[in-house]
Amino acid sequence: MRSYSPDLTPPWKKSRPAPEVPAEPDLVVEEVGTGFCGAVIRCEAGTVTLEDRFGKHRVFPLEPRGFLLEGKVVTLVRPSAAGPARPARTASGSIAVPGARARVARAGRIYVEGRHDAELVERVWGDDLRIEGVVVEYLEGIDDLPSIVADFAPGPDARLGVLVDHLVPGSKESRIADRVTGADVLVVGHPYIDVWEAVKPSSVGIPAWPSIPHGQDWKTGVCRALGWRENTGAAWQRILSGVRSYRDLEPELLGRVEELIDFVTAP
């Protein structure tokens, strides 16, 4: 006859089943073993791929009690094909408004430095801008900004937002920005030499943006360093094709564009 041995393990030390959570896209979790924190971008049979805030991807097995969600242990499971519908989102991450019509253009405007900047903003924020009635125009350089601001005559009902490349202390760009900034004019910028650099290298399929010596045309130098054909227009289309959403852009650009949109749409 087999003897019975009672389980004397204290209740608080017993392993409890963790709740099962579908690994839906954009769900942010932390992998228990490594501490890697990121958003779900893909879930396949037995594995889940996470992307951290720097754009790094890691693949992890869907093991029981393998992840933390808001600090609590969970078991990620593959979402069912017939799961609840998630709200559709725009490329900027905003909740899409089905059937929304473009608003009549506001008096306010957002100016960016060049055509590439305008195309990138349109790619990610275009849906949001149309709903808000915000028009984006480009300057073809910052040197003419003071005269453009003077001609625009910004006011409380017609605010002007400006996005500037390479806006760092002591630069020509920062001095011009200081001249025009006011209650109804907001000039913000990112630290990159060109908006190309604001696209994450991983989205373009390169390890990093190359360092180009002073005195060389930056875009042409980038093409040479990467072994691309020295056609900056074709290079830009290659870069732009890698941008599908806000996830493909560096935070230094994301925050500045959102700031400008808030500024020109404020009541």
# chains A, B, ... in the order shown; residues from 1 in each chain; ligands from 1

call {"tool": "residues_around", "arguments": {"residues": "Ala225 (chain A)", "least_positions_apart": "4", "cutoff": "12 Å", "atoms": "only C-alpha atoms", "output": "mmCIF file with N, CA and C atoms, in the first residue's frame"}}
result
data_model
loop_
_atom_site.group_PDB
_atom_site.id
_atom_site.type_symbol
_atom_site.label_atom_id
_atom_site.label_comp_id
_atom_site.auth_asym_id
_atom_site.auth_seq_id
_atom_site.Cartn_x
_atom_site.Cartn_y
_atom_site.Cartn_z
ATOM 1 N N ILE A 206 20.115 49.032 -43.089
ATOM 2 C CA ILE A 206 21.546 49.313 -42.934
ATOM 3 C C ILE A 206 21.898 49.230 -41.452
ATOM 4 N N ALA A 208 23.873 51.303 -39.711
ATOM 5 C CA ALA A 208 23.924 52.642 -39.116
ATOM 6 C C ALA A 208 24.075 53.652 -40.240
ATOM 7 N N TRP A 209 23.744 54.902 -39.944
ATOM 8 C CA TRP A 209 24.003 55.964 -40.910
ATOM 9 C C TRP A 209 25.490 56.295 -40.873
ATOM 10 N N PRO A 210 26.150 56.378 -42.027
ATOM 11 C CA PRO A 210 27.596 56.618 -42.038
ATOM 12 C C PRO A 210 27.936 58.052 -41.623
ATOM 13 N N SER A 211 29.142 58.215 -41.118
ATOM 14 C CA SER A 211 29.666 59.539 -40.782
ATOM 15 C C SER A 211 30.356 60.108 -42.016
ATOM 16 N N ILE A 212 29.922 61.288 -42.439
ATOM 17 C CA ILE A 212 30.449 61.904 -43.656
ATOM 18 C C ILE A 212 31.349 63.071 -43.273
ATOM 19 N N PRO A 213 32.581 63.127 -43.788
ATOM 20 C CA PRO A 213 33.500 64.218 -43.436
ATOM 21 C C PRO A 213 32.947 65.582 -43.843
ATOM 22 N N GLN A 216 31.995 67.591 -47.609
ATOM 23 C CA GLN A 216 31.347 66.775 -48.632
ATOM 24 C C GLN A 216 29.842 66.980 -48.576
ATOM 25 N N TRP A 218 26.476 65.865 -47.928
ATOM 26 C CA TRP A 218 26.145 64.779 -47.005
ATOM 27 C C TRP A 218 25.388 63.654 -47.697
ATOM 28 N N LYS A 219 24.374 63.989 -48.459
ATOM 29 C CA LYS A 219 23.557 62.948 -49.084
ATOM 30 C C LYS A 219 24.360 62.144 -50.100
ATOM 31 N N THR A 220 25.161 62.837 -50.902
ATOM 32 C CA THR A 220 26.002 62.123 -51.868
ATOM 33 C C THR A 220 27.001 61.230 -51.148
ATOM 34 N N GLY A 221 27.566 61.746 -50.039
ATOM 35 C CA GLY A 221 28.508 60.957 -49.249
ATOM 36 C C GLY A 221 27.872 59.715 -48.671
ATOM 37 N N ARG A 229 23.766 53.831 -55.669
ATOM 38 C CA ARG A 229 23.955 54.689 -56.831
ATOM 39 C C ARG A 229 23.857 56.148 -56.396
ATOM 40 N N GLU A 230 24.727 57.002 -56.917
ATOM 41 C CA GLU A 230 24.781 58.392 -56.466
ATOM 42 C C GLU A 230 23.670 59.219 -57.104
#

call {"tool": "residues_around", "arguments": {"residues": "Val188 (chain A)", "least_positions_apart": "3", "cutoff": "12 Å", "atoms": "only C-alpha atoms", "output": "PyMOL selection string"}}
result
chain A and resi 110-113+160-168+173-174+176-178+180-181+185+191+252-261+263

call {"tool": "select_by_dssp", "arguments": {"residues": "region 21-255 of chain A", "states": "strand (DSSP E or B)", "output": "count of residues only"}}
result
58

call {"tool": "residues_around", "arguments": {"residues": "region 233-242 of chain A", "least_positions_apart": "2", "cutoff": "12 Å", "atoms": "only C-alpha atoms", "output": "ChimeraX atom specification"}}
result
/A:115-124,194-206,209,219-224,226-231,244-249

call {"tool": "closest_residue", "arguments": {"among": "A:Ala183, A:Leu76, A:Glu31, A:Lys56", "to": "Glu44 (chain A)", "atoms": "only C-alpha atoms"}}
result
A:Leu76

call {"tool": "residues_around", "arguments": {"residues": "Ala153 (chain A)", "least_positions_apart": "2", "cutoff": "12 Å", "atoms": "only C-alpha atoms", "output": "list in words"}}
result
Ala107, Gly108, Arg109, Pro146, Ser147, Ile148, Val149, Ala150, Asp151, Gly155, Pro156, Asp157, Ala158, Arg159, Leu160, Val180, Gly182, Asp184 and Val185 of chain A

call {"tool": "atom_distance", "arguments": {"atom1": "CA of Phe54 (chain A)", "atom2": "CA of Gly170 (chain A)"}}
result
27.9 Å

call {"tool": "atom_distance", "arguments": {"atom1": "CA of Phe60 (chain A)", "atom2": "CA of Thr47 (chain A)"}}
result
5.5 Å

call {"tool": "residues_around", "arguments": {"residues": "Val32 (chain A)", "least_positions_apart": "4", "cutoff": "9 Å", "atoms": "only C-alpha atoms", "output": "MDAnalysis selection string"}}
result
chainID A and resid 36 65:68 73

call {"tool": "write_last_selection", "arguments": {"atoms": "N, CA, C and O atoms", "output": "compact mmCIF listing (two decimals), in the first residue's frame"}}
result
# COMPACT_ATOMS: atom_id res chain seq x y z
N PHE A 36 14.10 42.10 -21.40
CA PHE A 36 13.88 42.83 -22.65
C PHE A 36 12.43 43.27 -22.71
O PHE A 36 11.51 42.47 -22.58
N ARG A 65 4.26 31.52 -18.24
CA ARG A 65 4.76 32.47 -17.25
C ARG A 65 6.04 33.17 -17.75
O ARG A 65 6.92 33.51 -16.97
N GLY A 66 6.12 33.38 -19.05
CA GLY A 66 7.37 33.88 -19.64
C GLY A 66 7.47 35.39 -19.75
O GLY A 66 8.54 35.90 -20.10
N PHE A 67 6.39 36.14 -19.43
CA PHE A 67 6.40 37.57 -19.67
C PHE A 67 5.72 38.33 -18.53
O PHE A 67 4.92 37.75 -17.78
N LEU A 68 6.07 39.60 -18.43
CA LEU A 68 5.41 40.50 -17.49
C LEU A 68 4.58 41.49 -18.27
O LEU A 68 5.05 42.11 -19.23
N VAL A 73 2.99 38.63 -13.96
CA VAL A 73 3.40 37.50 -14.79
C VAL A 73 2.21 37.00 -15.61
O VAL A 73 1.10 36.82 -15.10

call {"tool": "select_by_dssp", "arguments": {"residues": "region 147-232 of chain A", "states": "helix (DSSP H, G or I)", "output": "PyMOL selection string"}}
result
chain A and resi 147-152+172-180+195-198+201-204+218-226+232

call {"tool": "closest_residue", "arguments": {"among": "A:Gly55, A:Pro79, A:Gly46, A:Gly33", "to": "Glu20 (chain A)", "atoms": "only C-alpha atoms"}}
result
A:Pro79

call {"tool": "residues_around", "arguments": {"residues": "Cys37 (chain A)", "least_positions_apart": "6", "cutoff": "8 Å", "atoms": "only C-alpha atoms", "output": "ChimeraX atom specification"}}
result
/A:28-31,50-52

call {"tool": "closest_residue", "arguments": {"among": "A:Arg58, A:Gly215, A:Val135, A:Glu70", "to": "Thr34 (chain A)", "atoms": "only C-alpha atoms"}}
result
A:Arg58

call {"tool": "closest_residue", "arguments": {"among": "A:Arg53, A:Leu129, A:Gly35, A:Thr265", "to": "Gly71 (chain A)", "atoms": "only C-alpha atoms"}}
result
A:Gly35

call {"tool": "decode", "arguments": {"residues": "region 119-211 of chain A", "atoms": "C-alpha atoms", "output": "PDB file, in the first residue's frame"}}
result
ATOM      1  CA  GLU A 119       7.027  63.675 -47.787  1.00  0.00           C
ATOM      2  CA  LEU A 120       8.105  61.988 -44.554  1.00  0.00           C
ATOM      3  CA  VAL A 121       5.607  63.975 -42.487  1.00  0.00           C
ATOM      4  CA  GLU A 122       2.880  63.114 -45.000  1.00  0.00           C
ATOM      5  CA  ARG A 123       3.802  59.418 -44.894  1.00  0.00           C
ATOM      6  CA  VAL A 124       3.389  59.165 -41.111  1.00  0.00           C
ATOM      7  CA  TRP A 125       1.016  61.976 -40.109  1.00  0.00           C
ATOM      8  CA  GLY A 126      -0.935  62.566 -43.333  1.00  0.00           C
ATOM      9  CA  ASP A 127      -4.239  61.099 -42.110  1.00  0.00           C
ATOM     10  CA  ASP A 128      -4.065  63.061 -38.857  1.00  0.00           C
ATOM     11  CA  LEU A 129      -3.205  66.314 -40.626  1.00  0.00           C
ATOM     12  CA  ARG A 130      -6.129  66.041 -43.023  1.00  0.00           C
ATOM     13  CA  ILE A 131      -8.583  65.462 -40.192  1.00  0.00           C
ATOM     14  CA  GLU A 132      -7.170  68.457 -38.326  1.00  0.00           C
ATOM     15  CA  GLY A 133      -7.079  70.623 -41.447  1.00  0.00           C
ATOM     16  CA  VAL A 134      -3.340  71.300 -41.174  1.00  0.00           C
ATOM     17  CA  VAL A 135      -1.383  72.055 -44.342  1.00  0.00           C
ATOM     18  CA  VAL A 136       2.351  71.301 -44.538  1.00  0.00           C
ATOM     19  CA  GLU A 137       4.578  73.376 -46.829  1.00  0.00           C
ATOM     20  CA  TYR A 138       8.332  73.378 -47.304  1.00  0.00           C
ATOM     21  CA  LEU A 139      10.909  76.164 -47.289  1.00  0.00           C
ATOM     22  CA  GLU A 140      13.736  74.799 -49.451  1.00  0.00           C
ATOM     23  CA  GLY A 141      16.121  75.819 -46.672  1.00  0.00           C
ATOM     24  CA  ILE A 142      15.889  77.961 -43.569  1.00  0.00           C
ATOM     25  CA  ASP A 143      17.624  81.143 -44.774  1.00  0.00           C
ATOM     26  CA  ASP A 144      14.360  82.700 -46.002  1.00  0.00           C
ATOM     27  CA  LEU A 145      12.413  81.854 -42.839  1.00  0.00           C
ATOM     28  CA  PRO A 146      12.368  85.424 -41.383  1.00  0.00           C
ATOM     29  CA  SER A 147      10.800  86.871 -44.559  1.00  0.00           C
ATOM     30  CA  ILE A 148       8.336  83.952 -44.799  1.00  0.00           C
ATOM     31  CA  VAL A 149       7.217  84.533 -41.212  1.00  0.00           C
ATOM     32  CA  ALA A 150       6.829  88.260 -41.857  1.00  0.00           C
ATOM     33  CA  ASP A 151       4.707  87.614 -44.968  1.00  0.00           C
ATOM     34  CA  PHE A 152       2.612  85.008 -43.180  1.00  0.00           C
ATOM     35  CA  ALA A 153       1.820  87.424 -40.311  1.00  0.00           C
ATOM     36  CA  PRO A 154       1.014  84.766 -37.699  1.00  0.00           C
ATOM     37  CA  GLY A 155      -1.569  85.449 -35.004  1.00  0.00           C
ATOM     38  CA  PRO A 156      -3.653  83.602 -32.372  1.00  0.00           C
ATOM     39  CA  ASP A 157      -5.956  82.209 -35.087  1.00  0.00           C
ATOM     40  CA  ALA A 158      -3.166  81.538 -37.579  1.00  0.00           C
ATOM     41  CA  ARG A 159      -0.268  79.961 -35.797  1.00  0.00           C
ATOM     42  CA  LEU A 160       2.888  78.939 -37.576  1.00  0.00           C
ATOM     43  CA  GLY A 161       4.951  75.875 -36.699  1.00  0.00           C
ATOM     44  CA  VAL A 162       8.361  75.210 -38.229  1.00  0.00           C
ATOM     45  CA  LEU A 163      10.431  72.009 -38.249  1.00  0.00           C
ATOM     46  CA  VAL A 164      14.165  72.571 -38.746  1.00  0.00           C
ATOM     47  CA  ASP A 165      16.952  70.087 -39.509  1.00  0.00           C
ATOM     48  CA  HIS A 166      20.096  70.111 -37.348  1.00  0.00           C
ATOM     49  CA  LEU A 167      18.697  72.514 -34.746  1.00  0.00           C
ATOM     50  CA  VAL A 168      21.538  72.469 -32.204  1.00  0.00           C
ATOM     51  CA  PRO A 169      22.805  75.271 -29.924  1.00  0.00           C
ATOM     52  CA  GLY A 170      25.077  77.780 -31.637  1.00  0.00           C
ATOM     53  CA  SER A 171      24.199  76.715 -35.185  1.00  0.00           C
ATOM     54  CA  LYS A 172      23.020  79.015 -37.948  1.00  0.00           C
ATOM     55  CA  GLU A 173      19.647  77.309 -37.732  1.00  0.00           C
ATOM     56  CA  SER A 174      19.298  78.057 -34.012  1.00  0.00           C
ATOM     57  CA  ARG A 175      20.146  81.741 -34.526  1.00  0.00           C
ATOM     58  CA  ILE A 176      17.498  82.099 -37.229  1.00  0.00           C
ATOM     59  CA  ALA A 177      14.981  80.237 -35.066  1.00  0.00           C
ATOM     60  CA  ASP A 178      15.603  82.633 -32.168  1.00  0.00           C
ATOM     61  CA  ARG A 179      14.861  85.605 -34.455  1.00  0.00           C
ATOM     62  CA  VAL A 180      11.379  84.429 -35.445  1.00  0.00           C
ATOM     63  CA  THR A 181      10.108  82.522 -32.402  1.00  0.00           C
ATOM     64  CA  GLY A 182       7.198  84.198 -30.647  1.00  0.00           C
ATOM     65  CA  ALA A 183       3.796  83.607 -29.065  1.00  0.00           C
ATOM     66  CA  ASP A 184       2.308  82.462 -32.372  1.00  0.00           C
ATOM     67  CA  VAL A 185       5.437  80.993 -33.959  1.00  0.00           C
ATOM     68  CA  LEU A 186       7.023  77.783 -32.718  1.00  0.00           C
ATOM     69  CA  VAL A 187      10.297  76.557 -34.208  1.00  0.00           C
ATOM     70  CA  VAL A 188      11.436  73.088 -33.195  1.00  0.00           C
ATOM     71  CA  GLY A 189      14.033  70.780 -34.648  1.00  0.00           C
ATOM     72  CA  HIS A 190      15.904  67.528 -34.497  1.00  0.00           C
ATOM     73  CA  PRO A 191      19.675  67.054 -34.122  1.00  0.00           C
ATOM     74  CA  TYR A 192      20.220  65.245 -37.425  1.00  0.00           C
ATOM     75  CA  ILE A 193      22.093  66.787 -40.350  1.00  0.00           C
ATOM     76  CA  ASP A 194      19.252  65.768 -42.642  1.00  0.00           C
ATOM     77  CA  VAL A 195      15.840  64.197 -42.155  1.00  0.00           C
ATOM     78  CA  TRP A 196      17.217  61.014 -43.759  1.00  0.00           C
ATOM     79  CA  GLU A 197      18.948  60.304 -40.435  1.00  0.00           C
ATOM     80  CA  ALA A 198      15.644  60.521 -38.570  1.00  0.00           C
ATOM     81  CA  VAL A 199      14.649  57.216 -40.194  1.00  0.00           C
ATOM     82  CA  LYS A 200      15.876  54.273 -38.148  1.00  0.00           C
ATOM     83  CA  PRO A 201      18.744  52.431 -39.885  1.00  0.00           C
ATOM     84  CA  SER A 202      17.025  49.096 -39.262  1.00  0.00           C
ATOM     85  CA  SER A 203      14.026  50.291 -41.301  1.00  0.00           C
ATOM     86  CA  VAL A 204      16.318  51.109 -44.221  1.00  0.00           C
ATOM     87  CA  GLY A 205      18.198  47.810 -43.941  1.00  0.00           C
ATOM     88  CA  ILE A 206      21.546  49.313 -42.934  1.00  0.00           C
ATOM     89  CA  PRO A 207      23.525  48.880 -39.682  1.00  0.00           C
ATOM     90  CA  ALA A 208      23.924  52.642 -39.116  1.00  0.00           C
ATOM     91  CA  TRP A 209      24.003  55.964 -40.910  1.00  0.00           C
ATOM     92  CA  PRO A 210      27.596  56.618 -42.038  1.00  0.00           C
ATOM     93  CA  SER A 211      29.666  59.539 -40.782  1.00  0.00           C
TER      94      SER A 211
END
